[in-house]
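What follows is the content of final.txt, which has compact mmCIF, C-alpha atoms:
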# COMPACT_ATOMS: atom_id res chain seq x y z
CA ARG A 1 24.14 33.90 43.66
CA ALA A 2 27.87 34.34 44.27
CA LEU A 3 28.69 31.67 41.66
CA PHE A 4 26.35 33.33 39.17
CA GLU A 5 28.08 36.68 39.67
CA LEU A 6 31.54 35.10 39.41
CA GLY A 7 30.56 33.41 36.16
CA ILE A 8 29.56 36.78 34.73
CA GLN A 9 32.76 38.43 35.97
CA LYS A 10 34.83 35.73 34.27
CA GLY A 11 32.85 36.12 31.04
CA MET A 12 31.43 32.61 31.23
CA ILE A 13 28.24 33.55 29.41
CA SER A 14 26.54 32.64 26.17
CA LYS A 15 25.91 35.19 23.45
CA PRO A 16 23.36 37.76 24.68
CA ASP A 17 19.90 37.62 23.12
CA GLU A 18 17.97 40.55 21.64
CA ASP A 19 17.24 41.81 25.18
CA GLY A 20 20.96 41.85 25.96
CA LEU A 21 20.76 38.92 28.39
CA PRO A 22 22.78 35.73 27.98
CA LYS A 23 20.70 32.54 27.90
CA TYR A 24 23.37 30.71 29.94
CA VAL A 25 25.89 31.57 32.66
CA TRP A 26 28.41 28.95 33.79
CA ALA A 27 30.52 28.72 36.93
CA VAL A 28 32.66 26.29 38.93
CA ASP A 29 32.57 26.09 42.72
CA ALA A 30 35.49 25.63 45.13
CA ASP A 31 35.02 21.84 44.98
CA GLY A 32 35.40 21.77 41.19
CA GLU A 33 31.71 21.22 40.44
CA ALA A 34 30.42 22.89 37.27
CA TYR A 35 27.09 24.71 37.27
CA GLU A 36 24.86 26.20 34.61
CA ALA A 37 22.26 28.92 35.09
CA LYS A 38 19.62 29.17 32.38
CA LEU A 39 17.47 32.19 31.60
CA GLY A 40 13.81 31.49 32.16
CA GLY A 41 11.64 30.22 34.91
CA THR A 42 8.91 31.76 36.98
CA THR A 43 10.21 35.35 37.12
CA PRO A 44 10.82 37.61 34.12
CA ASN A 45 14.52 37.80 33.26
CA GLY A 46 15.17 35.25 36.01
CA TYR A 47 17.66 32.41 35.96
CA HIS A 48 17.54 28.94 37.45
CA GLY A 49 20.75 27.07 38.11
CA TYR A 50 21.78 23.45 38.42
CA ARG A 51 24.91 21.32 38.66
CA LEU A 52 26.09 19.80 35.40
CA SER A 53 26.23 16.02 35.62
CA SER A 54 29.39 14.07 34.84
CA ASP A 55 27.85 12.70 31.62
CA ASP A 56 27.01 16.18 30.29
CA ASP A 57 29.51 17.17 27.56
CA GLN A 58 29.14 20.83 28.52
CA ARG A 59 30.62 20.07 31.94
CA GLU A 60 34.09 19.39 30.53
CA VAL A 61 33.93 22.49 28.34
CA VAL A 62 33.05 24.64 31.37
CA LEU A 63 35.78 23.12 33.57
CA LYS A 64 38.46 23.58 30.89
CA GLU A 65 37.47 27.16 30.10
CA TRP A 66 37.16 28.08 33.80
CA LYS A 67 40.80 27.08 34.36
CA LYS A 68 41.90 29.40 31.55
CA ARG A 69 40.16 32.39 33.09
As structure tokens - that is how I would like this structure written.
Amino acid sequence: RALFELGIQKGMISKPDEDGLPKYVWAVDADGEAYEAKLGGTTPNGYHGYRLSSDDDQREVVLKEWKKR
């Protein structure tokens, strides 16, 4: 939850949808691991998060942008 909140604070979100919620929120932990939370799942307006694998192109984008912010 803390990583999710930090991602929002740093503006690491996708464009909000018609409900005003971003589909994605990205964050990087203290060990340099990139994570993505995606809107959807079992609860309305809920997010589920996962670590981005090293072969995921989005991982490098998140890591680079996180350093800027």
- Can you tell me, as a ChimeraX atom specification, what residues are no more than 12 Å from A:Leu52 when counting only C-alpha atoms, ignoring any on the same chain fewer than 5 positions away? /A:26-29,32-38,57-63
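Counting all atoms listed in the file, A:Gly46 has the following residues at most 12 Å away, ignoring those fewer than 4 positions along the same chain: Arg1, Phe4, Leu21, Pro22, Lys23, Tyr24, Val25, Ala37, Lys38, Leu39, Gly40, Gly41 and Thr42 of chain A.
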- Message: One decimal, in Å: what's the spacing between atom CA of A:Gly7 and atom CA of A:Lys64?
- Response: 13.7 Å
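The two atoms in question, atom CA of A:Arg69 and atom CA of A:Met12, are spaced 8.9 Å apart.
In this model, the gap between atom CA of A:Asn45 and atom CA of A:Lys10 comes to 20.4 Å.
Considering the residues A:Ser54, A:Gln9, A:Tyr47, A:Ala2 and counting all atoms listed in the file, A:Trp66 has its shortest atom-to-atom contact with A:Gln9.
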Complete the atoms of stretch 5-16 of chain A to all heavy atoms and put them out as an mmCIF file, in the coordinates of the input.
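Final output, saved to result.cif:
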data_model
loop_
_atom_site.group_PDB
_atom_site.id
_atom_site.type_symbol
_atom_site.label_atom_id
_atom_site.label_comp_id
_atom_site.auth_asym_id
_atom_site.auth_seq_id
_atom_site.Cartn_x
_atom_site.Cartn_y
_atom_site.Cartn_z
ATOM 1 N N GLU A 5 27.362 35.418 39.859
ATOM 2 C CA GLU A 5 28.080 36.680 39.670
ATOM 3 C C GLU A 5 29.528 36.432 39.229
ATOM 4 O O GLU A 5 30.050 37.143 38.363
ATOM 5 C CB GLU A 5 28.042 37.497 40.949
ATOM 6 C CG GLU A 5 26.653 38.018 41.252
ATOM 7 C CD GLU A 5 26.544 38.730 42.586
ATOM 8 O OE1 GLU A 5 27.567 38.899 43.290
ATOM 9 O OE2 GLU A 5 25.418 39.117 42.932
ATOM 10 N N LEU A 6 30.162 35.419 39.792
ATOM 11 C CA LEU A 6 31.540 35.100 39.410
ATOM 12 C C LEU A 6 31.603 34.628 37.958
ATOM 13 O O LEU A 6 32.522 34.980 37.220
ATOM 14 C CB LEU A 6 32.110 34.040 40.355
ATOM 15 C CG LEU A 6 33.587 33.744 40.221
ATOM 16 C CD1 LEU A 6 34.439 34.998 40.362
ATOM 17 C CD2 LEU A 6 34.006 32.708 41.262
ATOM 18 N N GLY A 7 30.619 33.850 37.555
ATOM 19 C CA GLY A 7 30.560 33.410 36.160
ATOM 20 C C GLY A 7 30.472 34.587 35.206
ATOM 21 O O GLY A 7 31.135 34.621 34.161
ATOM 22 N N ILE A 8 29.666 35.580 35.559
ATOM 23 C CA ILE A 8 29.560 36.780 34.730
ATOM 24 C C ILE A 8 30.874 37.542 34.715
ATOM 25 O O ILE A 8 31.352 37.961 33.656
ATOM 26 C CB ILE A 8 28.400 37.678 35.224
ATOM 27 C CG1 ILE A 8 27.065 36.974 34.979
ATOM 28 C CG2 ILE A 8 28.439 39.046 34.552
ATOM 29 C CD1 ILE A 8 25.876 37.649 35.604
ATOM 30 N N GLN A 9 31.482 37.711 35.883
ATOM 31 C CA GLN A 9 32.760 38.430 35.970
ATOM 32 C C GLN A 9 33.834 37.774 35.110
ATOM 33 O O GLN A 9 34.673 38.455 34.516
ATOM 34 C CB GLN A 9 33.227 38.518 37.410
ATOM 35 C CG GLN A 9 32.403 39.428 38.268
ATOM 36 C CD GLN A 9 32.769 39.317 39.748
ATOM 37 O OE1 GLN A 9 33.690 38.621 40.135
ATOM 38 N NE2 GLN A 9 31.999 40.006 40.577
ATOM 39 N N LYS A 10 33.826 36.451 35.049
ATOM 40 C CA LYS A 10 34.830 35.730 34.270
ATOM 41 C C LYS A 10 34.444 35.626 32.792
ATOM 42 O O LYS A 10 35.181 35.041 32.000
ATOM 43 C CB LYS A 10 35.035 34.328 34.840
ATOM 44 C CG LYS A 10 35.810 34.337 36.143
ATOM 45 C CD LYS A 10 36.137 32.913 36.561
ATOM 46 C CE LYS A 10 37.075 32.897 37.732
ATOM 47 N NZ LYS A 10 38.373 32.317 37.382
ATOM 48 N N GLY A 11 33.283 36.160 32.434
ATOM 49 C CA GLY A 11 32.850 36.120 31.040
ATOM 50 C C GLY A 11 32.349 34.763 30.592
ATOM 51 O O GLY A 11 32.336 34.464 29.396
ATOM 52 N N MET A 12 31.916 33.954 31.542
ATOM 53 C CA MET A 12 31.430 32.610 31.230
ATOM 54 C C MET A 12 29.928 32.679 30.918
ATOM 55 O O MET A 12 29.090 32.138 31.633
ATOM 56 C CB MET A 12 31.698 31.667 32.411
ATOM 57 C CG MET A 12 33.155 31.449 32.718
ATOM 58 S SD MET A 12 33.991 30.391 31.517
ATOM 59 C CE MET A 12 33.167 28.837 31.767
ATOM 60 N N ILE A 13 29.630 33.352 29.820
ATOM 61 C CA ILE A 13 28.240 33.550 29.410
ATOM 62 C C ILE A 13 28.069 33.198 27.945
ATOM 63 O O ILE A 13 29.021 33.249 27.165
ATOM 64 C CB ILE A 13 27.798 35.015 29.649
ATOM 65 C CG1 ILE A 13 28.635 35.984 28.827
ATOM 66 C CG2 ILE A 13 27.856 35.366 31.132
ATOM 67 C CD1 ILE A 13 28.164 37.420 28.851
ATOM 68 N N SER A 14 26.850 32.865 27.575
ATOM 69 C CA SER A 14 26.540 32.640 26.170
ATOM 70 C C SER A 14 26.293 33.993 25.501
ATOM 71 O O SER A 14 26.192 35.032 26.164
ATOM 72 C CB SER A 14 25.311 31.741 26.042
ATOM 73 O OG SER A 14 24.177 32.369 26.616
ATOM 74 N N LYS A 15 26.178 33.969 24.208
ATOM 75 C CA LYS A 15 25.910 35.190 23.450
ATOM 76 C C LYS A 15 24.599 35.808 23.928
ATOM 77 O O LYS A 15 23.582 35.110 24.020
ATOM 78 C CB LYS A 15 25.832 34.851 21.960
ATOM 79 C CG LYS A 15 25.601 36.031 21.080
ATOM 80 C CD LYS A 15 25.540 35.610 19.629
ATOM 81 C CE LYS A 15 25.169 36.806 18.773
ATOM 82 N NZ LYS A 15 24.971 36.425 17.382
ATOM 83 N N PRO A 16 24.602 37.104 24.237
ATOM 84 C CA PRO A 16 23.360 37.760 24.680
ATOM 85 C C PRO A 16 22.283 37.723 23.604
ATOM 86 O O PRO A 16 22.579 37.783 22.408
ATOM 87 C CB PRO A 16 23.796 39.197 24.973
ATOM 88 C CG PRO A 16 25.262 39.091 25.251
ATOM 89 C CD PRO A 16 25.748 37.997 24.346
#
